[in-house]
>>> print(open('my_file_4.txt').read())   # compact mmCIF, C-alpha atoms
# COMPACT_ATOMS: atom_id res chain seq x y z
CA MET A 1 16.82 -6.66 27.99
CA LYS A 2 15.05 -4.37 25.54
CA ARG A 3 12.77 -7.23 24.46
CA GLY A 4 11.78 -7.87 28.10
CA TYR A 5 11.07 -4.18 28.54
CA LEU A 6 8.83 -4.15 25.45
CA VAL A 7 6.95 -7.21 26.69
CA GLN A 8 6.48 -5.48 30.04
CA GLN A 9 5.13 -2.36 28.34
CA LEU A 10 2.78 -4.41 26.16
CA LEU A 11 1.42 -6.12 29.25
CA LEU A 12 0.91 -2.73 30.88
CA LEU A 13 -0.88 -1.39 27.81
CA THR A 14 -3.04 -4.51 27.59
CA LEU A 15 -3.92 -4.14 31.26
CA LEU A 16 -4.80 -0.48 30.73
CA CYS A 17 -6.98 -1.34 27.76
CA GLY A 18 -8.74 -3.97 29.86
CA PHE A 19 -9.41 -1.42 32.56
CA ALA A 20 -10.60 1.10 29.99
CA ARG A 21 -14.12 -0.27 30.28
CA PHE A 22 -14.19 1.39 33.70
CA ALA A 23 -13.23 4.81 32.32
CA PHE A 24 -16.46 6.77 32.28
CA ALA A 25 -16.96 10.21 30.83
CA GLU A 26 -16.98 12.77 33.61
CA ASP A 27 -20.65 13.52 33.11
CA LEU A 28 -21.66 9.86 33.50
CA ALA A 29 -20.52 9.11 37.02
CA SER A 30 -18.22 10.87 39.42
CA SER A 31 -17.63 7.65 41.35
CA ALA A 32 -16.12 5.75 38.40
CA PRO A 33 -13.39 3.32 39.47
CA VAL A 34 -10.90 4.97 37.08
CA PRO A 35 -11.68 8.56 36.08
CA GLU A 36 -11.49 9.34 32.38
CA TYR A 37 -8.52 11.71 32.62
CA ASP A 38 -6.55 9.28 34.80
CA MET A 39 -6.94 6.75 31.98
CA LYS A 40 -5.99 9.38 29.41
CA ALA A 41 -2.84 10.13 31.39
CA ALA A 42 -1.93 6.43 31.38
CA TYR A 43 -2.56 6.24 27.65
CA LEU A 44 -0.37 9.31 27.00
CA TYR A 45 2.42 7.77 29.03
CA ASN A 46 2.23 4.54 27.03
CA PHE A 47 1.94 6.39 23.71
CA ALA A 48 5.27 8.04 24.55
CA VAL A 49 6.88 4.77 25.61
CA LEU A 50 5.71 3.02 22.42
CA THR A 51 6.88 5.75 20.01
CA THR A 52 10.31 6.26 18.50
CA TRP A 53 11.36 9.74 17.42
CA PRO A 54 13.95 10.09 14.64
CA GLY A 55 17.40 11.11 15.83
CA GLN A 56 16.14 12.38 19.17
CA ASN A 57 16.87 11.45 22.73
CA GLN A 58 14.57 8.55 23.59
CA THR A 59 15.14 8.80 27.34
CA ASN A 60 14.05 12.42 27.91
CA ILE A 61 10.55 12.99 26.57
CA ARG A 62 9.05 16.48 26.48
CA MET A 63 5.28 16.12 26.93
CA CYS A 64 3.06 19.16 26.48
CA VAL A 65 -0.63 19.79 27.17
CA LEU A 66 -2.59 22.48 25.36
CA GLY A 67 -5.91 23.35 26.98
CA HIS A 68 -7.45 22.96 30.43
CA ASP A 69 -5.63 20.84 33.00
CA ASN A 70 -8.31 18.19 33.41
CA PHE A 71 -5.72 15.64 34.57
CA ARG A 72 -5.83 16.88 38.19
CA GLY A 73 -2.29 15.74 38.91
CA SER A 74 -2.54 12.25 37.39
CA LEU A 75 -0.29 13.12 34.44
CA GLU A 76 2.33 14.58 36.76
CA GLN A 77 2.31 11.39 38.84
CA LEU A 78 2.75 9.14 35.81
CA THR A 79 5.49 11.24 34.29
CA LYS A 80 7.49 10.97 37.53
CA LYS A 81 7.82 7.21 36.98
CA THR A 82 11.14 6.03 35.62
CA LYS A 83 10.50 2.27 35.33
CA SER A 84 10.58 2.59 31.56
CA GLY A 85 14.01 4.21 31.73
CA MET A 86 12.49 7.39 30.36
CA GLN A 87 12.44 10.78 32.03
CA PHE A 88 9.49 13.04 31.29
CA SER A 89 9.23 16.77 31.43
CA LEU A 90 5.70 18.10 31.45
CA ARG A 91 4.69 21.52 30.24
CA TYR A 92 1.27 23.18 30.00
CA LEU A 93 1.05 25.51 27.01
CA ALA A 94 -1.05 28.66 26.76
CA ASP A 95 -1.00 28.69 22.96
CA LEU A 96 0.53 27.04 19.90
CA ASN A 97 3.69 29.17 19.85
CA ALA A 98 5.76 26.72 21.90
CA VAL A 99 4.71 23.43 20.26
CA SER A 100 8.11 23.08 18.58
CA SER A 101 9.62 22.33 22.00
CA CYS A 102 7.36 19.27 22.47
CA GLN A 103 7.82 15.64 21.49
CA LEU A 104 4.28 14.67 22.50
CA LEU A 105 1.50 17.24 22.34
CA PHE A 106 -1.92 16.57 23.86
CA ILE A 107 -4.61 19.00 22.70
CA ASP A 108 -7.56 18.93 25.09
CA SER A 109 -11.05 19.17 23.63
CA SER A 110 -11.50 22.36 25.68
CA GLU A 111 -9.00 24.10 23.42
CA ASN A 112 -10.39 25.75 20.30
CA VAL A 113 -7.56 25.10 17.87
CA ASP A 114 -7.53 25.98 14.19
CA ALA A 115 -6.20 22.80 12.56
CA ALA A 116 -4.56 24.69 9.70
CA ILE A 117 -2.58 26.86 12.12
CA LEU A 118 -1.65 23.82 14.23
CA PHE A 119 -0.30 21.87 11.27
CA LYS A 120 1.58 24.92 9.98
CA GLN A 121 3.29 25.21 13.40
CA LEU A 122 4.16 21.50 13.35
CA GLU A 123 5.36 21.38 9.75
CA GLY A 124 8.65 19.51 9.50
CA LEU A 125 8.66 18.57 13.20
CA SER A 126 8.49 15.13 14.77
CA VAL A 127 5.80 15.84 17.35
CA LEU A 128 3.38 13.07 18.31
CA THR A 129 -0.03 14.77 18.38
CA VAL A 130 -2.87 13.44 20.51
CA THR A 131 -6.37 14.80 21.12
CA ASP A 132 -9.76 13.94 22.52
CA ASN A 133 -11.46 16.24 19.99
CA ALA A 134 -13.00 14.17 17.15
CA ALA A 135 -12.96 17.05 14.65
CA LEU A 136 -9.29 17.75 15.31
CA PHE A 137 -8.44 14.05 14.97
CA ASP A 138 -10.34 13.93 11.67
CA ALA A 139 -8.33 16.96 10.51
CA GLY A 140 -5.06 15.03 10.91
CA VAL A 141 -3.96 14.66 14.53
CA MET A 142 -2.11 11.35 14.91
CA LEU A 143 -3.87 9.80 17.91
CA GLY A 144 -7.42 10.34 19.09
CA MET A 145 -8.76 9.20 22.47
CA PHE A 146 -12.52 8.82 22.75
CA VAL A 147 -15.13 7.42 25.11
CA ASP A 148 -17.11 4.73 23.28
CA SER A 149 -19.77 2.74 25.16
CA LYS A 150 -18.30 3.90 28.47
CA ARG A 151 -14.81 2.70 27.42
CA LEU A 152 -11.79 4.79 26.60
CA VAL A 153 -10.53 3.82 23.15
CA PHE A 154 -8.02 5.32 20.76
CA ASP A 155 -7.67 5.62 17.01
CA VAL A 156 -4.42 6.07 15.10
CA ASN A 157 -3.68 8.10 11.99
CA HIS A 158 -0.60 6.06 11.15
CA ALA A 159 0.02 7.87 7.86
CA GLN A 160 0.37 11.21 9.70
CA ALA A 161 2.78 9.70 12.23
CA GLN A 162 4.93 8.27 9.45
CA LYS A 163 4.86 11.60 7.61
CA ALA A 164 6.33 13.21 10.76
CA GLY A 165 9.05 10.56 10.89
CA LEU A 166 7.63 8.82 13.97
CA ALA A 167 7.69 5.07 14.40
CA LEU A 168 4.71 3.76 16.36
CA SER A 169 5.18 0.35 17.90
CA SER A 170 3.22 -2.47 16.30
CA LYS A 171 2.01 -3.26 19.81
CA LEU A 172 0.36 0.14 19.96
CA LEU A 173 -1.20 -0.30 16.54
CA ARG A 174 -2.62 -3.72 17.46
CA VAL A 175 -4.60 -2.44 20.43
CA ALA A 176 -5.99 0.62 18.65
CA ARG A 177 -9.69 0.62 17.80
CA LYS A 178 -8.97 1.91 14.29
CA VAL A 179 -5.78 2.54 12.32
CA PHE A 180 -5.85 4.79 9.28
>>> encode(input="my_file_4.txt", output="structure tokens")
Amino acid sequence: MKRGYLVQQLLLLTLLCGFARFAFAEDLASSAPVPEYDMKAAYLYNFAVLTTWPGQNQTNIRMCVLGHDNFRGSLEQLTKKTKSGMQFSLRYLADLNAVSSCQLLFIDSSENVDAAILFKQLEGLSVLTVTDNAALFDAGVMLGMFVDSKRLVFDVNHAQAQKAGLALSSKLLRVARKVF
């Protein structure tokens, strides 16, 4: 049953990656078939589904967002789904003080985060970090989502994920644009 579930999730991720070509940056076209942050919400959902945390409950995932709520409800809608057998709790953070309560932390590019402070807060924790800020990704965030040629793509800092004790599915790694 687990194998069938993984195949189903891979198909969903592949479908999402195929539709990513329709994900335009907000400043390119407001009538895009799939808005950028709707795609980012779908990617975050699948990142959670395709990650294994060490010794933690894999059915109740605590997802946090730091920065502006650009998702306009799309993340809430996706996290209400239970087809994967996972329950999501979603929390919007005002600052870095509560990051230890998260399993997945998305840092929006609107948030001016000092990377050194962020990594000090996360030291020793198994928190999957995701951002759409290139500088923050380059500083060591695990997953970076970027618009490239009007497509939403993602890069993976696999070494950072392993350092935090996270196991990223090989399916996730295969569809990434770059893996470091």
>>> residues_around(input="my_file_4.txt", residues="Arg62 of chain A", least_positions_apart="6", cutoff="6 Å", atoms="all atoms listed in the file", output="PyMOL selection string")
chain A and resi 88-89+102-103
>>> closest_residue(input="my_file_4.txt", among="A:Ala139, A:Ala167, A:Met39, A:Leu90", to="Val153 of chain A", atoms="all atoms listed in the file")
A:Met39
>>> closest_atom_pairs(input="my_file_4.txt", of="segment 97-135 of chain A", to="segment 161-166 of chain A", cutoff="7 Å", atoms="only C-alpha atoms", output="CSV")
residue,atom,partner,partner_atom,distance
A:Gly124,CA,A:Ala164,CA,6.8
A:Leu125,CA,A:Ala164,CA,6.3
A:Ser126,CA,A:Ala164,CA,4.9
A:Leu128,CA,A:Ala161,CA,7.0
>>> atom_distance(input="my_file_4.txt", atom1="atom CA of Cys64 of chain A", atom2="atom CA of Leu93 of chain A")
6.7 Å
>>> residues_around(input="my_file_4.txt", residues="Asp69 of chain A", least_positions_apart="2", cutoff="10 Å", atoms="all atoms listed in the file", output="MDAnalysis selection string")
chainID A and resid 37 65:67 71:73 75 92 108 110
>>> atom_distance(input="my_file_4.txt", atom1="atom CA of Met63 of chain A", atom2="atom CA of Leu104 of chain A")
4.8 Å
>>> closest_residue(input="my_file_4.txt", among="A:Gly144, A:Gly85, A:Pro54, A:Pro35", to="His158 of chain A", atoms="only C-alpha atoms")
A:Gly144
>>> closest_residue(input="my_file_4.txt", among="A:Thr51, A:Asp148, A:Asn70, A:Ser100", to="Lys120 of chain A", atoms="only C-alpha atoms")
A:Ser100
>>> atom_distance(input="my_file_4.txt", atom1="atom CA of Ala48 of chain A", atom2="atom CA of Ala115 of chain A")
22.2 Å
>>> closest_residue(input="my_file_4.txt", among="A:Ser149, A:Ser169, A:Gln87, A:Ser109", to="Asp132 of chain A", atoms="all atoms listed in the file")
A:Ser109
>>> residues_around(input="my_file_4.txt", residues="Phe146 of chain A", least_positions_apart="6", cutoff="12 Å", atoms="all atoms listed in the file", output="list in words")
Ala20, Arg21, Ala23, Phe24, Ala25, Glu36, Tyr37, Met39, Lys40, Tyr43, Asp108, Ser109, Val130, Thr131, Asp132, Asn133, Ala134, Ala135, Phe137, Leu152, Val153, Phe154, Asp155, Val156, Ala176, Arg177 and Lys178 of chain A
>>> closest_residue(input="my_file_4.txt", among="A:Val147, A:Val141, A:Met86, A:Val179", to="Asn60 of chain A", atoms="all atoms listed in the file")
A:Met86
>>> axis_aligned_box(input="my_file_4.txt", around="segment 122-135 of chain A", padding_each_side="8 Å", output="lines of an AutoDock Vina configuration file")
center_x = -2.2
center_y = 17.3
center_z = 16.0
size_x = 37.7
size_y = 24.4
size_z = 29.0
>>> closest_residue(input="my_file_4.txt", among="A:Lys81, A:Gly55, A:Asp114, A:Leu143", to="Leu168 of chain A", atoms="all atoms listed in the file")
A:Leu143
>>> residues_around(input="my_file_4.txt", residues="Leu96 of chain A", least_positions_apart="5", cutoff="9 Å", atoms="only C-alpha atoms", output="list in words")
Leu66, Val113, Ile117, Leu118 and Gln121 of chain A
>>> decode(input="my_file_4.txt", residues="segment 112-144 of chain A", atoms="C-alpha atoms", output="short mmCIF file (atom, residue, chain, number, x, y, z; two decimals), in the first residue's frame")
data_model
loop_
_atom_site.label_atom_id
_atom_site.label_comp_id
_atom_site.auth_asym_id
_atom_site.auth_seq_id
_atom_site.Cartn_x
_atom_site.Cartn_y
_atom_site.Cartn_z
CA ASN A 112 14.36 40.14 5.72
CA VAL A 113 16.01 37.29 7.60
CA ASP A 114 19.58 37.24 8.85
CA ALA A 115 20.82 33.80 7.77
CA ALA A 116 23.20 33.49 10.71
CA ILE A 117 20.39 34.08 13.20
CA LEU A 118 18.10 31.68 11.33
CA PHE A 119 20.62 28.85 11.35
CA LYS A 120 21.43 29.47 15.02
CA GLN A 121 17.71 29.11 15.84
CA LEU A 122 17.51 25.89 13.80
CA GLU A 123 20.71 24.34 15.12
CA GLY A 124 20.13 20.71 16.09
CA LEU A 125 16.54 20.71 14.82
CA SER A 126 15.03 18.69 11.99
CA VAL A 127 13.18 21.50 10.23
CA LEU A 128 12.83 21.39 6.45
CA THR A 129 13.60 24.94 5.32
CA VAL A 130 12.21 26.35 2.07
CA THR A 131 12.49 29.82 0.55
CA ASP A 132 11.95 31.79 -2.61
CA ASN A 133 14.84 34.13 -1.72
CA ALA A 134 17.95 33.23 -3.77
CA ALA A 135 20.39 34.78 -1.28
CA LEU A 136 18.86 32.86 1.62
CA PHE A 137 18.95 29.62 -0.38
CA ASP A 138 22.62 30.25 -1.22
CA ALA A 139 23.28 30.78 2.51
CA GLY A 140 22.08 27.25 3.30
CA VAL A 141 18.29 26.88 3.19
CA MET A 142 17.44 23.35 2.04
CA LEU A 143 14.95 24.01 -0.76
CA GLY A 144 14.68 27.04 -3.00
#
